[in-house]
$ cat model.pdb   # PDB, C-alpha atoms
MODEL        1
ATOM      1  CA  MET A  29      16.657   3.237 -36.674
ATOM      2  CA  LYS A  30      16.461   0.191 -38.886
ATOM      3  CA  GLY A  31      13.623  -2.181 -38.294
ATOM      4  CA  ILE A  32      11.683   0.225 -36.077
ATOM      5  CA  THR A  33       8.121   0.654 -37.193
ATOM      6  CA  GLU A  34       5.199   2.117 -35.363
ATOM      7  CA  PRO A  35       3.544  -0.664 -33.403
ATOM      8  CA  PRO A  36       0.081  -1.703 -34.531
ATOM      9  CA  GLN A  37      -2.655   0.328 -32.879
ATOM     10  CA  ALA A  38      -4.129  -2.613 -30.987
ATOM     11  CA  GLU A  39      -0.864  -3.075 -29.167
ATOM     12  CA  ILE A  40      -0.987   0.284 -27.458
ATOM     13  CA  VAL A  41      -4.700   0.741 -27.130
ATOM     14  CA  GLU A  42      -4.716   0.565 -23.329
ATOM     15  CA  VAL A  43      -1.824   2.882 -22.759
ATOM     16  CA  GLN A  44      -3.775   5.793 -21.355
ATOM     17  CA  ASP A  45      -1.218   8.505 -21.240
ATOM     18  CA  PRO A  46      -0.378   9.977 -24.668
ATOM     19  CA  THR A  47       3.026  11.105 -23.438
ATOM     20  CA  GLU A  48       3.701   7.530 -22.443
ATOM     21  CA  HIS A  49       2.833   6.352 -25.937
ATOM     22  CA  ASP A  50       5.314   8.865 -27.278
ATOM     23  CA  LEU A  51       7.887   7.737 -24.729
ATOM     24  CA  LEU A  52       7.459   4.121 -25.734
ATOM     25  CA  LEU A  53       8.050   5.006 -29.376
ATOM     26  CA  ARG A  54      11.186   6.915 -28.454
ATOM     27  CA  LEU A  55      12.489   4.002 -26.382
ATOM     28  CA  ARG A  56      11.842   1.582 -29.183
ATOM     29  CA  ALA A  57      13.626   3.959 -31.520
ATOM     30  CA  ARG A  58      16.690   3.687 -29.242
ATOM     31  CA  ASP A  59      16.473   7.213 -27.971
ATOM     32  CA  GLU A  60      19.174   7.135 -25.298
ATOM     33  CA  ARG A  61      18.197  10.477 -23.888
ATOM     34  CA  ALA A  62      14.636   9.262 -23.367
ATOM     35  CA  PHE A  63      15.905   6.163 -21.585
ATOM     36  CA  ASP A  64      18.274   8.071 -19.341
ATOM     37  CA  ASP A  65      15.550  10.586 -18.423
ATOM     38  CA  LEU A  66      13.232   7.733 -17.538
ATOM     39  CA  VAL A  67      15.832   6.035 -15.348
ATOM     40  CA  ARG A  68      16.450   9.296 -13.510
ATOM     41  CA  SER A  69      12.791  10.004 -13.037
ATOM     42  CA  TRP A  70      11.532   6.586 -11.877
ATOM     43  CA  SER A  71      14.538   5.173 -10.026
ATOM     44  CA  PRO A  72      14.080   7.076  -6.732
ATOM     45  CA  LEU A  73      10.576   5.657  -6.277
ATOM     46  CA  MET A  74      11.725   2.246  -7.459
ATOM     47  CA  LEU A  75      14.474   2.302  -4.849
ATOM     48  CA  ARG A  76      11.946   3.104  -2.144
ATOM     49  CA  VAL A  77       9.597   0.348  -3.211
ATOM     50  CA  ALA A  78      12.442  -2.178  -3.530
ATOM     51  CA  ARG A  79      13.709  -1.229  -0.085
ATOM     52  CA  GLY A  80      10.426  -2.498   1.355
ATOM     53  CA  TYR A  81      11.344  -6.015   0.271
ATOM     54  CA  VAL A  82      15.085  -6.339   0.792
ATOM     55  CA  SER A  83      17.456  -5.873   3.705
ATOM     56  CA  THR A  84      19.888  -3.223   2.571
ATOM     57  CA  ASP A  85      20.126  -0.117   0.396
ATOM     58  CA  ALA A  86      22.793  -1.822  -1.716
ATOM     59  CA  SER A  87      20.505  -4.745  -2.322
ATOM     60  CA  ALA A  88      17.654  -2.417  -3.305
ATOM     61  CA  GLN A  89      19.976  -0.741  -5.787
ATOM     62  CA  GLU A  90      20.767  -4.068  -7.423
ATOM     63  CA  VAL A  91      17.085  -4.908  -7.601
ATOM     64  CA  VAL A  92      16.370  -1.626  -9.378
ATOM     65  CA  GLN A  93      19.278  -2.185 -11.726
ATOM     66  CA  ASP A  94      18.015  -5.679 -12.564
ATOM     67  CA  ALA A  95      14.519  -4.317 -13.078
ATOM     68  CA  TRP A  96      15.798  -1.806 -15.628
ATOM     69  CA  LEU A  97      17.727  -4.555 -17.398
ATOM     70  CA  GLY A  98      14.445  -6.474 -17.535
ATOM     71  CA  VAL A  99      12.740  -3.427 -18.996
ATOM     72  CA  ILE A 100      15.435  -3.100 -21.660
ATOM     73  CA  LYS A 101      15.023  -6.746 -22.611
ATOM     74  CA  GLY A 102      11.247  -6.609 -22.530
ATOM     75  CA  LEU A 103      10.685  -3.370 -24.442
ATOM     76  CA  ALA A 104      10.563  -5.070 -27.821
ATOM     77  CA  THR A 105       7.793  -7.411 -26.736
ATOM     78  CA  PHE A 106       5.971  -5.092 -24.294
ATOM     79  CA  GLU A 107       2.382  -5.145 -25.459
ATOM     80  CA  GLY A 108       1.033  -2.178 -23.612
ATOM     81  CA  ARG A 109      -1.693  -4.076 -21.827
ATOM     82  CA  SER A 110      -0.796  -2.068 -18.749
ATOM     83  CA  SER A 111       0.961   1.261 -18.634
ATOM     84  CA  LEU A 112       4.721   1.320 -19.061
ATOM     85  CA  ARG A 113       5.065   2.532 -15.486
ATOM     86  CA  THR A 114       2.905  -0.221 -14.035
ATOM     87  CA  TRP A 115       4.692  -2.828 -16.133
ATOM     88  CA  THR A 116       8.069  -1.535 -14.967
ATOM     89  CA  PHE A 117       7.039  -1.571 -11.306
ATOM     90  CA  ARG A 118       5.626  -5.052 -11.647
ATOM     91  CA  ILE A 119       8.993  -6.274 -12.965
ATOM     92  CA  LEU A 120      10.600  -4.493 -10.046
ATOM     93  CA  VAL A 121       8.314  -6.046  -7.439
ATOM     94  CA  ASN A 122       8.840  -9.555  -8.831
ATOM     95  CA  ILE A 123      12.607  -9.218  -8.657
ATOM     96  CA  ALA A 124      12.478  -7.587  -5.227
ATOM     97  CA  LYS A 125      10.269 -10.344  -3.813
ATOM     98  CA  THR A 126      12.575 -13.106  -5.028
ATOM     99  CA  ARG A 127      15.503 -11.260  -3.587
ATOM    100  CA  GLY A 128      13.738 -10.555  -0.305
ATOM    101  CA  VAL A 129      12.943 -14.233   0.172
ATOM    102  CA  LYS A 130      16.600 -15.127  -0.408
ATOM    103  CA  GLU A 131      17.595 -12.566   2.198
ATOM    104  CA  HIS A 132      14.998 -13.868   4.640
ATOM    105  CA  ARG A 133      13.606 -10.378   4.780
ATOM    106  CA  VAL A 134      10.272 -11.942   5.672
ATOM    107  CA  THR A 135      10.329 -12.589   9.391
ATOM    108  CA  PRO A 136       9.887 -16.226  10.435
ATOM    109  CA  LEU A 137       6.602 -15.451  12.167
ATOM    110  CA  SER A 138       4.911 -13.947   9.129
ATOM    111  CA  SER A 139       6.276 -16.604   6.792
ATOM    112  CA  LEU A 140       4.588 -19.191   8.985
ATOM    113  CA  THR A 141       1.348 -17.287   8.688
ATOM    114  CA  PRO A 142       1.215 -16.256   5.021
ATOM    115  CA  ASP A 143      -2.151 -14.741   5.646
ATOM    116  CA  ASP A 144      -4.327 -14.585   8.699
ATOM    117  CA  ASP A 145      -7.460 -16.535   9.452
ATOM    118  CA  GLY A 146      -9.884 -13.911   8.206
ATOM    119  CA  GLY A 147     -11.473 -13.611  11.644
ATOM    120  CA  PRO A 148     -12.591 -10.384  13.306
ATOM    121  CA  THR A 149     -10.081  -7.521  13.370
ATOM    122  CA  VAL A 150     -11.220  -6.437  16.825
ATOM    123  CA  ASP A 151     -11.336  -8.889  19.735
ATOM    124  CA  PRO A 152     -14.997 -10.055  19.941
ATOM    125  CA  SER A 153     -14.800 -10.053  23.752
ATOM    126  CA  ARG A 154     -14.814  -6.251  23.561
ATOM    127  CA  PHE A 155     -18.427  -6.368  22.375
ATOM    128  CA  ARG A 156     -21.660  -7.289  24.180
ATOM    129  CA  ASP A 157     -23.182 -10.742  23.861
ATOM    130  CA  ALA A 158     -26.134 -11.588  21.658
ATOM    131  CA  ASP A 159     -28.501 -11.681  24.645
ATOM    132  CA  ASP A 160     -27.462  -8.234  25.842
ATOM    133  CA  GLN A 161     -29.742  -5.206  25.502
ATOM    134  CA  TYR A 162     -27.305  -3.882  22.891
ATOM    135  CA  PRO A 163     -25.927  -6.967  21.201
ATOM    136  CA  GLY A 164     -22.690  -6.341  19.335
ATOM    137  CA  GLY A 165     -22.176  -2.983  21.054
ATOM    138  CA  TRP A 166     -18.943  -2.088  22.841
ATOM    139  CA  THR A 167     -18.728  -3.177  26.461
ATOM    140  CA  PRO A 168     -17.681  -0.485  28.968
ATOM    141  CA  ALA A 169     -14.281  -2.145  29.340
ATOM    142  CA  GLY A 170     -13.928  -2.910  25.640
ATOM    143  CA  LYS A 171     -14.633   0.454  24.098
ATOM    144  CA  PRO A 172     -11.623   2.259  22.641
ATOM    145  CA  GLN A 173     -10.007   4.826  24.926
ATOM    146  CA  ARG A 174      -9.051   8.175  23.460
ATOM    147  CA  TRP A 175      -5.386   8.520  22.572
ATOM    148  CA  ASP A 176      -3.284  11.393  23.687
ATOM    149  CA  VAL A 177      -1.892  12.132  20.246
ATOM    150  CA  ASP A 178      -0.073  15.336  19.443
ATOM    151  CA  PRO A 179      -3.076  17.457  18.353
ATOM    152  CA  GLU A 180      -0.992  19.336  15.796
ATOM    153  CA  GLY A 181      -0.172  16.063  14.089
ATOM    154  CA  GLY A 182       3.406  17.217  14.066
ATOM    155  CA  VAL A 183       6.576  15.201  14.173
ATOM    156  CA  LEU A 184       5.992  11.819  15.707
ATOM    157  CA  ARG A 185       7.963  10.733  18.643
ATOM    158  CA  GLY A 186      10.732   8.371  17.661
ATOM    159  CA  GLU A 187       9.366   5.511  19.700
ATOM    160  CA  VAL A 188       5.997   5.689  17.943
ATOM    161  CA  ARG A 189       7.714   5.502  14.569
ATOM    162  CA  VAL A 190       9.669   2.474  15.676
ATOM    163  CA  LEU A 191       6.489   0.864  16.962
ATOM    164  CA  VAL A 192       4.578   1.512  13.729
ATOM    165  CA  SER A 193       7.507   0.217  11.654
ATOM    166  CA  ALA A 194       7.673  -2.953  13.722
ATOM    167  CA  ALA A 195       3.906  -3.458  13.459
ATOM    168  CA  VAL A 196       4.126  -3.165   9.658
ATOM    169  CA  ASP A 197       7.035  -5.608   9.534
ATOM    170  CA  ALA A 198       5.032  -8.124  11.552
ATOM    171  CA  LEU A 199       2.070  -8.113   9.132
ATOM    172  CA  PRO A 200       1.425 -11.076   6.850
ATOM    173  CA  GLU A 201       3.190 -10.458   3.559
ATOM    174  CA  ARG A 202       0.242  -9.443   1.403
ATOM    175  CA  GLN A 203      -1.138  -7.063   4.011
ATOM    176  CA  ARG A 204       2.301  -5.548   4.392
ATOM    177  CA  GLU A 205       2.720  -5.067   0.643
ATOM    178  CA  VAL A 206      -0.576  -3.239   0.334
ATOM    179  CA  ILE A 207      -0.123  -1.072   3.396
ATOM    180  CA  VAL A 208       3.438  -0.114   2.472
ATOM    181  CA  LEU A 209       2.398   0.981  -1.015
ATOM    182  CA  ARG A 210      -0.845   2.690  -0.006
ATOM    183  CA  ASP A 211      -0.187   4.252   3.370
ATOM    184  CA  VAL A 212       3.592   4.501   3.556
ATOM    185  CA  HIS A 213       4.368   5.435  -0.068
ATOM    186  CA  GLY A 214       1.055   6.998  -0.986
ATOM    187  CA  PHE A 215       0.223   5.008  -4.128
ATOM    188  CA  ASP A 216      -3.456   5.241  -5.022
ATOM    189  CA  SER A 217      -5.795   2.274  -4.969
ATOM    190  CA  ASP A 218      -5.718   1.698  -8.740
ATOM    191  CA  GLY A 219      -1.933   1.791  -8.806
ATOM    192  CA  VAL A 220      -1.615  -0.770  -6.023
ATOM    193  CA  CYS A 221      -4.165  -3.105  -7.620
ATOM    194  CA  ALA A 222      -2.311  -2.962 -10.913
ATOM    195  CA  LEU A 223       1.077  -3.421  -9.277
ATOM    196  CA  LEU A 224       0.101  -6.419  -7.195
ATOM    197  CA  ALA A 225      -2.439  -7.812  -9.652
ATOM    198  CA  ILE A 226      -5.249  -7.922  -7.090
ATOM    199  CA  THR A 227      -8.848  -6.738  -7.199
ATOM    200  CA  ALA A 228      -9.947  -3.518  -5.538
ATOM    201  CA  GLN A 229     -12.007  -5.520  -3.061
ATOM    202  CA  ASN A 230      -9.118  -7.800  -2.174
ATOM    203  CA  GLN A 231      -6.942  -4.762  -1.722
ATOM    204  CA  ARG A 232      -9.419  -3.167   0.691
ATOM    205  CA  VAL A 233      -9.611  -6.362   2.750
ATOM    206  CA  LEU A 234      -5.817  -6.564   3.025
ATOM    207  CA  LEU A 235      -5.569  -2.862   3.769
ATOM    208  CA  HIS A 236      -8.247  -3.060   6.447
ATOM    209  CA  ARG A 237      -6.714  -6.043   8.212
ATOM    210  CA  GLY A 238      -3.287  -4.446   8.095
ATOM    211  CA  ARG A 239      -4.473  -1.075   9.361
ATOM    212  CA  ALA A 240      -6.506  -2.707  12.145
ATOM    213  CA  LYS A 241      -3.388  -4.493  13.389
ATOM    214  CA  VAL A 242      -1.274  -1.369  13.294
ATOM    215  CA  ARG A 243      -4.076   0.471  15.114
ATOM    216  CA  ALA A 244      -4.073  -2.262  17.757
ATOM    217  CA  ALA A 245      -0.322  -1.842  18.190
ATOM    218  CA  LEU A 246      -0.773   1.906  18.661
ATOM    219  CA  GLU A 247      -3.616   1.287  21.084
ATOM    220  CA  GLY A 248      -1.329  -0.930  23.143
ATOM    221  CA  TYR A 249       1.170   1.903  23.239
ATOM    222  CA  TYR A 250      -1.161   4.794  24.052
ATOM    223  CA  VAL A 251      -3.337   2.915  26.516
ATOM    224  CA  ARG A 252      -0.341   1.548  28.388
ATOM    225  CA  GLU A 253       1.101   5.032  28.503
ATOM    226  CA  THR A 254      -2.000   6.783  29.809
ATOM    227  CA  GLY A 255      -3.556   3.910  31.700
TER
ATOM    228  CA  MET B  29     -33.441  13.198  14.884
ATOM    229  CA  THR B  30     -35.393  10.116  15.828
ATOM    230  CA  HIS B  31     -35.122   8.858  12.286
ATOM    231  CA  ASP B  32     -31.361   9.480  12.327
ATOM    232  CA  HIS B  33     -31.136   7.671  15.657
ATOM    233  CA  ASP B  34     -33.006   4.672  14.227
ATOM    234  CA  ARG B  35     -30.768   4.553  11.188
ATOM    235  CA  GLY B  36     -27.760   4.492  13.450
ATOM    236  CA  LEU B  37     -29.097   1.394  15.175
ATOM    237  CA  ASP B  38     -29.303  -0.459  11.866
ATOM    238  CA  ILE B  39     -25.694  -1.498  12.298
ATOM    239  CA  ARG B  40     -23.944  -3.019  15.290
ATOM    240  CA  CYS B  41     -20.572  -1.766  16.531
ATOM    241  CA  ILE B  42     -19.020  -5.189  16.033
ATOM    242  CA  ASP B  43     -19.948  -5.032  12.334
ATOM    243  CA  LEU B  44     -19.110  -1.383  11.831
ATOM    244  CA  VAL B  45     -15.465  -1.851  12.829
ATOM    245  CA  GLU B  46     -15.057  -4.271   9.910
ATOM    246  CA  LEU B  47     -16.423  -1.712   7.433
ATOM    247  CA  VAL B  48     -14.215   1.217   8.356
ATOM    248  CA  THR B  49     -11.812   0.887   5.434
ATOM    249  CA  ASP B  50     -14.594   0.281   2.902
ATOM    250  CA  TYR B  51     -16.283   3.384   4.305
ATOM    251  CA  LEU B  52     -13.138   5.524   4.200
ATOM    252  CA  GLU B  53     -12.384   4.322   0.657
ATOM    253  CA  GLY B  54     -15.875   5.287  -0.480
ATOM    254  CA  ALA B  55     -16.592   1.662  -1.324
ATOM    255  CA  VAL B  56     -19.911   1.282   0.532
ATOM    256  CA  ASP B  57     -23.214   1.979  -1.188
ATOM    257  CA  GLU B  58     -25.183   5.114  -0.378
ATOM    258  CA  ASP B  59     -27.607   3.360   1.968
ATOM    259  CA  ARG B  60     -24.776   1.818   3.967
ATOM    260  CA  ARG B  61     -22.923   5.115   4.098
ATOM    261  CA  VAL B  62     -25.951   6.910   5.557
ATOM    262  CA  THR B  63     -26.345   4.158   8.168
ATOM    263  CA  ILE B  64     -22.671   4.269   9.148
ATOM    264  CA  GLU B  65     -22.694   8.050   9.481
ATOM    265  CA  ALA B  66     -25.878   7.984  11.575
ATOM    266  CA  HIS B  67     -24.281   5.366  13.820
ATOM    267  CA  LEU B  68     -21.101   7.419  14.204
ATOM    268  CA  ARG B  69     -23.185  10.410  15.330
ATOM    269  CA  LEU B  70     -24.750   8.462  18.161
ATOM    270  CA  CYS B  71     -21.881   6.131  19.131
ATOM    271  CA  GLY B  72     -18.835   7.809  20.657
ATOM    272  CA  PRO B  73     -16.693   4.659  20.867
ATOM    273  CA  CYS B  74     -17.201   3.842  17.176
ATOM    274  CA  ALA B  75     -16.443   7.466  16.262
ATOM    275  CA  THR B  76     -13.262   7.132  18.310
ATOM    276  CA  TYR B  77     -12.408   3.890  16.548
ATOM    277  CA  VAL B  78     -12.789   5.473  13.087
ATOM    278  CA  GLU B  79     -10.754   8.467  14.190
ATOM    279  CA  GLN B  80      -8.014   6.125  15.417
ATOM    280  CA  MET B  81      -7.965   4.333  12.062
ATOM    281  CA  ARG B  82      -7.445   7.718  10.407
ATOM    282  CA  THR B  83      -4.674   8.490  12.902
ATOM    283  CA  THR B  84      -3.114   5.120  12.101
ATOM    284  CA  MET B  85      -3.128   5.899   8.371
ATOM    285  CA  LYS B  86      -1.547   9.271   9.065
ATOM    286  CA  GLN B  87       1.144   7.717  11.239
ATOM    287  CA  LEU B  88       1.870   5.090   8.603
ATOM    288  CA  GLY B  89       2.588   7.996   6.276
ATOM    289  CA  HIS B  90       5.306   9.082   8.704
ATOM    290  CA  VAL B  91       7.084   5.755   8.859
ATOM    291  CA  PRO B  92      10.612   6.693   7.923
ATOM    292  CA  VAL B  93      11.366   6.031   4.301
ATOM    293  CA  GLN B  94      14.570   6.794   2.491
ATOM    294  CA  GLU B  95      14.827  10.251   1.071
ATOM    295  CA  ALA B  96      14.231  10.134  -2.646
ATOM    296  CA  GLU B  97      17.723   8.949  -3.412
ATOM    297  CA  GLN B  98      18.946   8.577  -6.963
ATOM    298  CA  LEU B  99      20.513   5.568  -8.610
ATOM    299  CA  PRO B 100      24.272   6.300  -8.608
ATOM    300  CA  ALA B 101      25.701   7.720 -11.840
ATOM    301  CA  PRO B 102      27.946   4.705 -12.582
ATOM    302  CA  VAL B 103      24.907   2.413 -12.364
ATOM    303  CA  ARG B 104      22.946   4.691 -14.688
ATOM    304  CA  ASP B 105      25.874   4.639 -17.125
ATOM    305  CA  GLN B 106      25.890   0.840 -17.058
ATOM    306  CA  LEU B 107      22.170   0.795 -17.776
ATOM    307  CA  LEU B 108      22.612   3.201 -20.649
ATOM    308  CA  ALA B 109      25.330   0.961 -22.062
ATOM    309  CA  ALA B 110      23.012  -2.034 -21.760
ATOM    310  CA  PHE B 111      20.243  -0.093 -23.480
ATOM    311  CA  ARG B 112      22.651   0.813 -26.291
ATOM    312  CA  ALA B 113      23.923  -2.760 -26.597
ATOM    313  CA  GLU B 114      20.534  -4.487 -26.661
ATOM    314  CA  PRO B 115      20.341  -6.034 -30.150
ATOM    315  CA  HIS B 116      17.801  -4.556 -32.515
ATOM    316  CA  ASP B 117      15.290  -7.103 -33.602
TER
ENDMDL
END
$ encode --input "model.pdb" --output "structure tokens"
Amino acid sequence: MKGITEPPQAEIVEVQDPTEHDLLLRLRARDERAFDDLVRSWSPLMLRVARGYVSTDASAQEVVQDAWLGVIKGLATFEGRSSLRTWTFRILVNIAKTRGVKEHRVTPLSSLTPDDDGGPTVDPSRFRDADDQYPGGWTPAGKPQRWDVDPEGGVLRGEVRVLVSAAVDALPERQREVIVLRDVHGFDSDGVCALLAITAQNQRVLLHRGRAKVRAALEGYYVRETG
Amino acid sequence: MTHDHDRGLDIRCIDLVELVTDYLEGAVDEDRRVTIEAHLRLCGPCATYVEQMRTTMKQLGHVPVQEAEQLPAPVRDQLLAAFRAEPHD
């Protein structure tokens, strides 16, 4: 316990969760039980997030292990500007990204197009011209056809899952990151912004472009199937 | 009714499709929200488009992810040892 003093108040002022403040004190006081509990409680989610960046489960495990080692090293100087959880996941994502690049997890196509051109997310030819009676409205041929989706929203057919997975993999990296955290893993908007250090607006743009592309992939599937 | 119809014409389909996520995230101002909802009541194709974006989000939630697996015990033991060994400052 030598040398452990309560950190100055300013250092922890933005740590919202009082239990997290307590946890941080216990970790700094070398409470092994607290550390082990934390590893058990956060590692499953960390493994899932890491797996989005690297090629194998074994690789994801190493990423998580390295992230925890980073946390151990960083605890003494952690300033509490973000929550302990966000800080930990940011360490994780940095390590996972580096690792993913080494493993060429990013497909050649998306690495050539780090982001897209920012153009329309729906083909403009599906809308009426400016001189039409309803400019910018859907054309008869362009309007979206209804999909024959399982109305109970039950278990998806395997081929749809494969298609959605492939569409996500084909997204530019930043769109993929946001969509995987938000829509696949269910992180909330604030969590994703903190994790990826992006603004809420930027996040919505990336999310929208990503979702629109996955929608287009599904449209290709359903329309081909029914049409 | 007529007023609602007019509001719905304040936005074009080609612009609405770019606002779907902002709308679903509650990130449009009140005036814009009212316009979008009026448009969706009178435009079947746009309503279908928004519904398909919701379906897409739902299907993304079903993309197979690993079951919540745990870090293996030997790895956790190694981490605990590292935690124990980290020099006190």
$ interface_residues --input "model.pdb" --of "chain B" --to "chain A" --cutoff "10 Å" --atoms "all atoms listed in the file" --output "number ranges by chain"
B: 37, 39-50, 53, 55, 71-77, 79-101, 103-117
$ resolve_selection --input "model.pdb" --expression "the PyMOL selection byres ((chain A and resi 123-128) around 6)" --output "ChimeraX atom specification"
/A:78,81-82,91,120-122,129-131,133
$ resolve_selection --input "model.pdb" --expression "the PyMOL selection byres ((chain A and resi 220-224) around 8)" --output "ChimeraX atom specification"
/A:114-115,117-118,121,206,209-210,215-219,225-228,231
$ atom_distance --input "model.pdb" --atom1 "CA of Gly146 in chain A" --atom2 "CA of Arg202 in chain A"
13.0 Å
$ atom_distance --input "model.pdb" --atom1 "CA of Ala158 in chain A" --atom2 "CA of Arg61 in chain B"
24.4 Å
$ atom_distance --input "model.pdb" --atom1 "CA of Glu107 in chain A" --atom2 "CA of Gln203 in chain A"
29.7 Å
